[in-house]
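Structure data follow from entry_34.csv (CSV, C-alpha atoms):
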```csv
chain,number,residue,atom,x,y,z
A,1,MET,CA,0.0,0.0,0.0
A,2,GLU,CA,2.8,2.4,0.9
A,3,LEU,CA,4.5,1.8,-2.5
A,4,ILE,CA,1.2,2.5,-4.3
A,5,LEU,CA,0.8,5.8,-2.4
A,6,GLN,CA,4.4,6.8,-3.3
A,7,ASP,CA,3.8,6.0,-6.9
A,8,GLU,CA,0.6,8.1,-6.9
A,9,ILE,CA,2.5,11.0,-5.3
A,10,LEU,CA,5.2,10.8,-8.0
A,11,VAL,CA,2.7,10.6,-10.8
A,12,ARG,CA,0.8,13.7,-9.5
A,13,ALA,CA,4.1,15.6,-9.0
A,14,GLU,CA,5.1,14.8,-12.6
A,15,ARG,CA,1.7,15.9,-13.9
A,16,LEU,CA,2.0,19.2,-12.0
A,17,ILE,CA,5.4,19.8,-13.5
A,18,ASN,CA,4.1,19.1,-17.0
A,19,ARG,CA,1.2,21.5,-16.5
A,20,ARG,CA,3.4,24.2,-15.3
A,21,VAL,CA,5.9,23.7,-18.1
A,22,LYS,CA,3.1,24.0,-20.6
A,23,ALA,CA,1.7,27.1,-18.8
A,24,ALA,CA,5.2,28.7,-18.8
A,25,LEU,CA,5.2,29.0,-22.6
A,26,PHE,CA,8.9,28.3,-23.1
A,27,ARG,CA,10.1,28.7,-26.6
A,28,GLU,CA,12.1,25.5,-26.1
A,29,LEU,CA,12.5,23.2,-23.1
A,30,LYS,CA,16.2,23.7,-22.1
A,31,THR,CA,18.3,22.2,-19.4
A,32,ILE,CA,21.5,23.3,-17.8
A,33,GLU,CA,23.1,20.0,-18.5
A,34,ASP,CA,22.7,20.6,-22.2
A,35,PHE,CA,24.5,23.9,-22.2
A,36,ASP,CA,27.9,23.9,-23.8
A,37,PHE,CA,30.0,25.8,-21.2
A,38,ALA,CA,33.2,24.9,-23.1
A,39,PHE,CA,32.1,26.8,-26.2
A,40,ASN,CA,31.7,30.0,-24.3
A,41,PRO,CA,33.9,30.3,-21.2
A,42,SER,CA,32.4,33.8,-20.4
A,43,VAL,CA,29.3,31.9,-19.1
A,44,LYS,CA,30.4,31.0,-15.6
A,45,LYS,CA,29.2,27.5,-14.7
A,46,LYS,CA,29.2,28.1,-11.0
A,47,GLN,CA,27.1,31.3,-11.4
A,48,VAL,CA,24.5,29.5,-13.6
A,49,TYR,CA,24.2,26.5,-11.2
A,50,ASP,CA,23.9,28.9,-8.3
A,51,LEU,CA,20.9,30.6,-10.1
A,52,ALA,CA,19.5,27.1,-10.7
A,53,THR,CA,19.2,26.6,-7.0
A,54,CYS,CA,16.4,29.3,-7.2
A,55,ARG,CA,17.7,31.0,-4.1
A,56,PHE,CA,17.3,34.3,-5.9
A,57,ILE,CA,13.6,33.6,-6.3
A,58,ARG,CA,13.2,32.9,-2.5
A,59,GLU,CA,15.1,36.1,-1.8
A,60,VAL,CA,13.0,38.0,-4.3
A,61,ARG,CA,16.0,39.2,-6.4
A,62,ASP,CA,16.1,39.9,-10.1
A,63,VAL,CA,18.6,38.8,-12.8
A,64,LEU,CA,19.8,40.6,-16.0
A,65,LEU,CA,21.8,38.8,-18.7
A,66,LEU,CA,23.6,41.1,-21.1
A,67,GLY,CA,25.4,40.0,-24.3
A,68,PRO,CA,25.3,39.7,-28.1
A,69,PRO,CA,22.9,37.4,-29.9
A,70,GLY,CA,23.7,33.7,-29.9
A,71,THR,CA,25.8,33.6,-26.8
A,72,GLY,CA,23.4,31.4,-24.7
A,73,LYS,CA,21.3,33.9,-22.8
A,74,SER,CA,17.9,32.4,-23.9
A,75,HIS,CA,19.1,28.8,-23.2
A,76,VAL,CA,20.3,29.8,-19.7
A,77,VAL,CA,17.1,31.6,-18.7
A,78,GLN,CA,14.8,28.9,-20.0
A,79,ALA,CA,16.9,26.3,-18.2
A,80,ILE,CA,16.7,28.3,-15.0
A,81,GLY,CA,12.9,28.6,-15.5
A,82,TYR,CA,12.6,24.8,-15.9
A,83,GLN,CA,14.6,24.3,-12.7
A,84,ALA,CA,12.3,26.7,-10.9
A,85,ILE,CA,9.3,24.7,-12.0
A,86,LYS,CA,10.8,21.5,-10.7
A,87,ALA,CA,11.5,23.4,-7.4
A,88,GLY,CA,7.8,24.2,-7.1
A,89,PHE,CA,7.6,27.7,-8.5
A,90,THR,CA,5.3,29.0,-11.2
A,91,VAL,CA,7.0,30.6,-14.2
A,92,LEU,CA,6.0,32.6,-17.3
A,93,TYR,CA,8.4,33.0,-20.2
A,94,ARG,CA,7.8,35.8,-22.8
A,95,SER,CA,9.9,37.6,-25.3
A,96,ILE,CA,9.6,41.4,-25.0
A,97,PHE,CA,7.7,41.3,-28.3
A,98,ASP,CA,5.2,38.8,-26.9
A,99,LEU,CA,4.8,41.0,-23.9
A,100,VAL,CA,4.0,44.1,-25.9
A,101,ARG,CA,1.8,42.2,-28.3
A,102,ASP,CA,-0.2,40.8,-25.3
A,103,PHE,CA,-0.9,44.2,-24.0
A,104,LEU,CA,-1.6,45.9,-27.4
A,105,HIS,CA,-3.9,43.0,-28.5
A,106,ASP,CA,-5.4,41.5,-25.4
A,107,GLU,CA,-6.2,44.6,-23.4
A,108,ALA,CA,-8.8,45.5,-26.1
A,109,PHE,CA,-10.6,42.2,-25.4
A,110,ALA,CA,-9.7,40.9,-22.0
A,111,GLY,CA,-9.0,44.3,-20.3
A,112,TYR,CA,-5.7,45.8,-19.2
A,113,ASP,CA,-6.0,44.6,-15.6
A,114,LYS,CA,-6.5,41.0,-16.7
A,115,VAL,CA,-3.4,41.1,-18.9
A,116,LEU,CA,-1.4,42.7,-16.2
A,117,THR,CA,-2.4,40.1,-13.6
A,118,ARG,CA,-1.0,37.4,-15.9
A,119,TYR,CA,2.4,39.0,-15.7
A,120,LEU,CA,2.3,39.8,-12.0
A,121,LYS,CA,1.1,36.4,-10.7
A,122,PRO,CA,4.1,34.0,-11.5
A,123,ASP,CA,6.8,33.5,-9.0
A,124,LEU,CA,9.3,34.0,-11.8
A,125,LEU,CA,8.8,36.1,-14.9
A,126,ILE,CA,11.3,35.7,-17.7
A,127,ILE,CA,11.4,38.5,-20.3
A,128,ASP,CA,13.7,37.6,-23.2
A,129,ASP,CA,15.2,39.3,-26.3
A,130,PHE,CA,15.1,42.9,-25.1
A,131,GLY,CA,16.9,45.1,-27.6
A,132,MET,CA,16.5,43.1,-30.8
A,133,LYS,CA,14.7,46.0,-32.4
A,134,GLN,CA,12.9,49.2,-31.4
A,135,LEU,CA,9.6,48.7,-29.7
A,136,PRO,CA,6.2,50.2,-30.5
A,137,LYS,CA,4.8,53.2,-28.6
A,138,ARG,CA,3.6,52.6,-25.1
A,139,SER,CA,6.0,49.6,-24.7
A,140,GLY,CA,7.8,51.6,-21.9
A,141,GLU,CA,4.5,52.1,-20.1
A,142,TYR,CA,3.7,48.3,-20.1
A,143,LEU,CA,7.2,47.2,-19.0
A,144,PHE,CA,7.4,49.9,-16.3
A,145,GLU,CA,4.1,48.8,-14.9
A,146,ILE,CA,5.2,45.2,-14.7
A,147,ILE,CA,8.6,45.9,-13.2
A,148,MET,CA,7.2,48.4,-10.7
A,149,ARG,CA,4.5,46.1,-9.5
A,150,ARG,CA,6.8,43.1,-9.2
A,151,HIS,CA,9.5,45.1,-7.5
A,152,GLU,CA,10.4,43.4,-4.1
A,153,THR,CA,7.4,41.0,-4.4
A,154,ARG,CA,8.3,38.6,-7.3
A,155,SER,CA,11.5,37.8,-9.2
A,156,THR,CA,12.1,38.8,-12.8
A,157,VAL,CA,14.8,37.7,-15.2
A,158,MET,CA,15.6,39.7,-18.3
A,159,THR,CA,18.0,39.3,-21.3
A,160,SER,CA,19.2,42.0,-23.5
A,161,ASN,CA,21.7,42.4,-26.4
A,162,ARG,CA,21.9,46.1,-25.9
A,163,PRO,CA,23.8,48.0,-23.2
A,164,LEU,CA,21.8,49.8,-20.5
A,165,GLU,CA,22.5,53.2,-22.0
A,166,ASP,CA,20.6,52.2,-25.2
A,167,TRP,CA,17.4,51.1,-23.4
A,168,GLY,CA,15.8,54.6,-23.8
A,169,LYS,CA,16.3,54.4,-27.6
A,170,VAL,CA,14.9,50.9,-27.8
A,171,ILE,CA,11.8,51.8,-25.8
A,172,GLY,CA,11.5,55.2,-27.4
A,173,ASP,CA,11.0,56.7,-23.9
A,174,VAL,CA,14.1,57.7,-21.9
A,175,PRO,CA,12.2,58.6,-18.7
A,176,ALA,CA,10.4,55.3,-18.7
A,177,ALA,CA,13.7,53.4,-19.4
A,178,THR,CA,15.4,55.3,-16.5
A,179,ALA,CA,12.5,54.4,-14.1
A,180,ILE,CA,12.5,50.7,-15.2
A,181,LEU,CA,16.3,50.4,-14.7
A,182,ASP,CA,16.1,52.2,-11.4
A,183,ARG,CA,13.7,49.6,-9.9
A,184,PHE,CA,14.9,46.5,-11.8
A,185,LEU,CA,18.6,47.0,-10.9
A,186,HIS,CA,17.9,47.7,-7.3
A,187,HIS,CA,18.1,44.0,-6.3
A,188,ALA,CA,19.4,42.6,-9.5
A,189,GLU,CA,22.4,40.4,-10.4
A,190,VAL,CA,23.9,41.6,-13.7
A,191,ILE,CA,25.6,38.9,-15.8
A,192,THR,CA,27.6,40.0,-18.8
A,193,ILE,CA,28.2,37.4,-21.5
A,194,THR,CA,30.7,37.8,-24.4
A,195,GLY,CA,31.9,35.6,-27.2
A,196,LYS,CA,30.8,34.4,-30.6
A,197,SER,CA,27.4,33.1,-31.6
A,198,TYR,CA,26.8,29.4,-30.7
A,199,ARG,CA,24.2,29.1,-33.5
A,200,LEU,CA,26.8,30.1,-36.1
A,201,ARG,CA,29.5,27.7,-34.9
A,202,ASN,CA,28.8,25.1,-37.6
A,203,LYS,CA,28.6,27.6,-40.4
A,204,ALA,CA,32.0,29.0,-39.4
A,205,ALA,CA,33.5,25.6,-39.3
A,206,LYS,CA,32.1,24.7,-42.7
A,207,ALA,CA,33.4,27.9,-44.2
A,208,ALA,CA,36.8,27.3,-42.8
A,209,ASP,CA,36.8,23.7,-44.1
A,210,ALA,CA,35.7,24.8,-47.6
A,211,GLU,CA,38.4,27.5,-47.7
A,212,SER,CA,41.0,24.9,-46.7
A,213,LYS,CA,39.8,22.5,-49.5
A,214,ASN,CA,39.8,25.3,-52.1
A,215,GLY,CA,43.3,26.4,-51.1
A,216,GLY,CA,44.6,22.9,-51.3
A,217,SER,CA,43.2,22.2,-54.8
A,218,GLY,CA,44.7,25.5,-56.0
A,219,LYS,CA,48.2,24.5,-54.8
A,220,LYS,CA,47.9,21.2,-56.7
A,221,ASP,CA,46.9,22.9,-59.9
A,222,LEU,CA,49.8,25.4,-59.6
A,223,GLY,CA,52.2,22.6,-59.0
A,224,ALA,CA,51.0,20.6,-62.0
A,225,GLY,CA,51.4,23.6,-64.3
A,226,THR,CA,55.0,24.1,-63.1
A,227,ASP,CA,55.9,20.5,-63.7
A,228,ASP,CA,54.6,20.6,-67.3
A,229,ARG,CA,56.6,23.7,-68.0
A,230,GLN,CA,59.7,22.0,-66.5
A,231,GLY,CA,59.2,19.0,-68.7
A,232,LYS,CA,58.9,21.1,-71.9
A,233,HIS,CA,62.2,22.9,-71.4
A,234,ALA,CA,64.3,20.1,-70.1
A,235,PRO,CA,67.4,19.5,-72.1
A,236,ASN,CA,67.8,16.5,-74.5
A,237,GLY,CA,64.0,15.9,-74.3
A,238,ASN,CA,64.4,14.4,-70.8
A,239,GLN,CA,61.6,15.4,-68.5
A,240,THR,CA,62.5,16.4,-65.0
A,241,THR,CA,60.9,14.3,-62.2
A,242,PRO,CA,58.7,16.5,-60.0
A,243,CYS,CA,59.5,16.5,-56.3
A,244,LYS,CA,57.0,14.4,-54.3
A,245,LYS,CA,55.2,16.1,-51.4
A,246,ARG,CA,56.4,15.0,-48.0
A,247,GLY,CA,54.2,12.3,-46.7
A,248,SER,CA,52.7,11.4,-50.1
```

Could you write out this structure as structure tokens?
Amino acid sequence: MELILQDEILVRAERLINRRVKAALFRELKTIEDFDFAFNPSVKKKQVYDLATCRFIREVRDVLLLGPPGTGKSHVVQAIGYQAIKAGFTVLYRSIFDLVRDFLHDEAFAGYDKVLTRYLKPDLLIIDDFGMKQLPKRSGEYLFEIIMRRHETRSTVMTSNRPLEDWGKVIGDVPAATAILDRFLHHAEVITITGKSYRLRNKAAKAADAESKNGGSGKKDLGAGTDDRQGKHAPNGNQTTPCKKRGS
């Protein structure tokens, strides 16, 4: 009987995790174990695993990841979100474009307060992709309202590929950007990531391989032409023997 009860508890816990993962609206389900720390040493493994303990959520602190596209910011924050769900927290993941779209579209039908509640309720809110392009009008108002209302009550994680001084330009509202950063950075851990794009790693490797092959074939053609010319001008009709490449 005890084993049956334990199995039932495990099944219910797994179902709860699956429901919360679905409700979180992750772009992709990512794990920390799948992250390639070797490719980008600027991402500190200890720092990421510390965030995965979810202590920052219990302490109601925020996190900001800064860095160029493709350096692993989205992977890290979604993996942390998944860990938070497994630790019993509720999570909502939205790109900044989703957030603005939700307010511009849904407030006309569901009402502003209902949309806002959706962003205020989760234990952890993840706002991804800030700075990819300039945002529509009123974006600063929506983001400020969320950050202000969650300040010191719920944890928020954001990613951005633009430095803090550019946020006013991205939002199109310098005062709103200043107010957002003033509250968000109050209890925030800022993590700066550098390095090349992980998504372009295979493309760069293929380009280098193709360049190497093209360069090699060019050398062979040049060598063959030189040998022919040497054969034509050899005295007494004897062709010179071309030197073999080392190792051939």

Tell me, as a PDB file with C-alpha atoms, in the coordinates of the input, which residues lie within 7 Å of range 91-100 of chain A, counting only C-alpha atoms; anything in the same chain fewer than 3 positions away does not count.
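Listing of selection-v1.pdb after writing:
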```pdb
ATOM      1  CA  ALA A  24       5.200  28.700 -18.800  1.00  0.00           C
ATOM      2  CA  LEU A  25       5.200  29.000 -22.600  1.00  0.00           C
ATOM      3  CA  PHE A  26       8.900  28.300 -23.100  1.00  0.00           C
ATOM      4  CA  GLY A  81      12.900  28.600 -15.500  1.00  0.00           C
ATOM      5  CA  ILE A  85       9.300  24.700 -12.000  1.00  0.00           C
ATOM      6  CA  PHE A 103      -0.900  44.200 -24.000  1.00  0.00           C
ATOM      7  CA  LEU A 104      -1.600  45.900 -27.400  1.00  0.00           C
ATOM      8  CA  PRO A 122       4.100  34.000 -11.500  1.00  0.00           C
ATOM      9  CA  ASP A 123       6.800  33.500  -9.000  1.00  0.00           C
ATOM     10  CA  LEU A 124       9.300  34.000 -11.800  1.00  0.00           C
ATOM     11  CA  LEU A 125       8.800  36.100 -14.900  1.00  0.00           C
ATOM     12  CA  ILE A 126      11.300  35.700 -17.700  1.00  0.00           C
ATOM     13  CA  ILE A 127      11.400  38.500 -20.300  1.00  0.00           C
ATOM     14  CA  ASP A 128      13.700  37.600 -23.200  1.00  0.00           C
ATOM     15  CA  ASP A 129      15.200  39.300 -26.300  1.00  0.00           C
ATOM     16  CA  PHE A 130      15.100  42.900 -25.100  1.00  0.00           C
ATOM     17  CA  SER A 139       6.000  49.600 -24.700  1.00  0.00           C
TER      18      SER A 139
END
```

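Near range 159-161 of chain A, within a cut-off of 9 Å and counting all atoms listed in the file, sit the residues A:Val63, A:Leu64, A:Leu65, A:Leu66, A:Gly67, A:Pro68, A:Pro69, A:Lys73, A:Ser74, A:Val77, A:Ile126, A:Ile127, A:Asp128, A:Asp129, A:Phe130, A:Gly131, A:Met132, A:Leu164, with same-chain residues fewer than 3 positions away left out.
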
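Distance annotation: of A:Leu3, A:Cys54, A:Val43, A:Leu185, the residue with the minimal separation from Ala87 in chain A is A:Cys54; atom set is all atoms listed in the file.
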
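Interatomic distance, CA of Met1 in chain A to CA of Arg19 in chain A: 27.1 Å.
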
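When all atoms listed in the file are used to measure the gap to Thr117 in chain A, the shortest distance among A:Ile191, A:Ile146, A:Ala79, A:Leu135 belongs to A:Ile146.
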
With distances taken over only C-alpha atoms, the candidate from A:Phe35, A:Lys44, A:Asp102, A:Ala23 nearest Thr194 in chain A is A:Lys44

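Between CA of Thr31 in chain A and CA of Tyr82 in chain A the interatomic distance comes to 7.2 Å.
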
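Atom pair CA of Leu16 in chain A / CA of Ala52 in chain A has a distance of 19.2 Å (rounded to one decimal).
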
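The shortest atom-to-atom distance to Thr192 in chain A, with all atoms listed in the file taken into account, belongs to A:Arg162 out of A:Glu152, A:Thr178, A:Arg162, A:Lys137.
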
Which residues are close to Lys196 in chain A, i.e. within 12 Å by all atoms listed in the file, leaving aside same-chain residues fewer than 5 positions away? Reply as a PDB file with C-alpha atoms, keeping the file's coordinate frame.
```pdb
ATOM      1  CA  PHE A  39      32.100  26.800 -26.200  1.00  0.00           C
ATOM      2  CA  ASN A  40      31.700  30.000 -24.300  1.00  0.00           C
ATOM      3  CA  PRO A  41      33.900  30.300 -21.200  1.00  0.00           C
ATOM      4  CA  SER A  42      32.400  33.800 -20.400  1.00  0.00           C
ATOM      5  CA  VAL A  43      29.300  31.900 -19.100  1.00  0.00           C
ATOM      6  CA  GLY A  67      25.400  40.000 -24.300  1.00  0.00           C
ATOM      7  CA  PRO A  68      25.300  39.700 -28.100  1.00  0.00           C
ATOM      8  CA  PRO A  69      22.900  37.400 -29.900  1.00  0.00           C
ATOM      9  CA  GLY A  70      23.700  33.700 -29.900  1.00  0.00           C
ATOM     10  CA  THR A  71      25.800  33.600 -26.800  1.00  0.00           C
ATOM     11  CA  GLY A  72      23.400  31.400 -24.700  1.00  0.00           C
ATOM     12  CA  ARG A 201      29.500  27.700 -34.900  1.00  0.00           C
ATOM     13  CA  ASN A 202      28.800  25.100 -37.600  1.00  0.00           C
ATOM     14  CA  ALA A 204      32.000  29.000 -39.400  1.00  0.00           C
TER      15      ALA A 204
END
```

Find, counting all atoms listed in the file, the residue in A:Pro175, A:Ile9, A:Leu51, A:Leu200 that gets nearest to Glu141 in chain A. A:Pro175

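You can rank A:Gln6, A:Thr156, A:Thr53, A:Thr90 by their closest distance to Asn18 in chain A using all atoms listed in the file, and at the top of that list sits A:Thr90.
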
Non-local contacts of Asp182 in chain A (12 Å; only C-alpha atoms; under 3 positions in same chain excluded) as a list of chain:residue names: A:Phe144, A:Ile147, A:Met148, A:His151, A:Leu164, A:Pro175, A:Ala176, A:Ala177, A:Thr178, A:Ala179, A:Leu185, A:His186, A:His187, A:Ala188
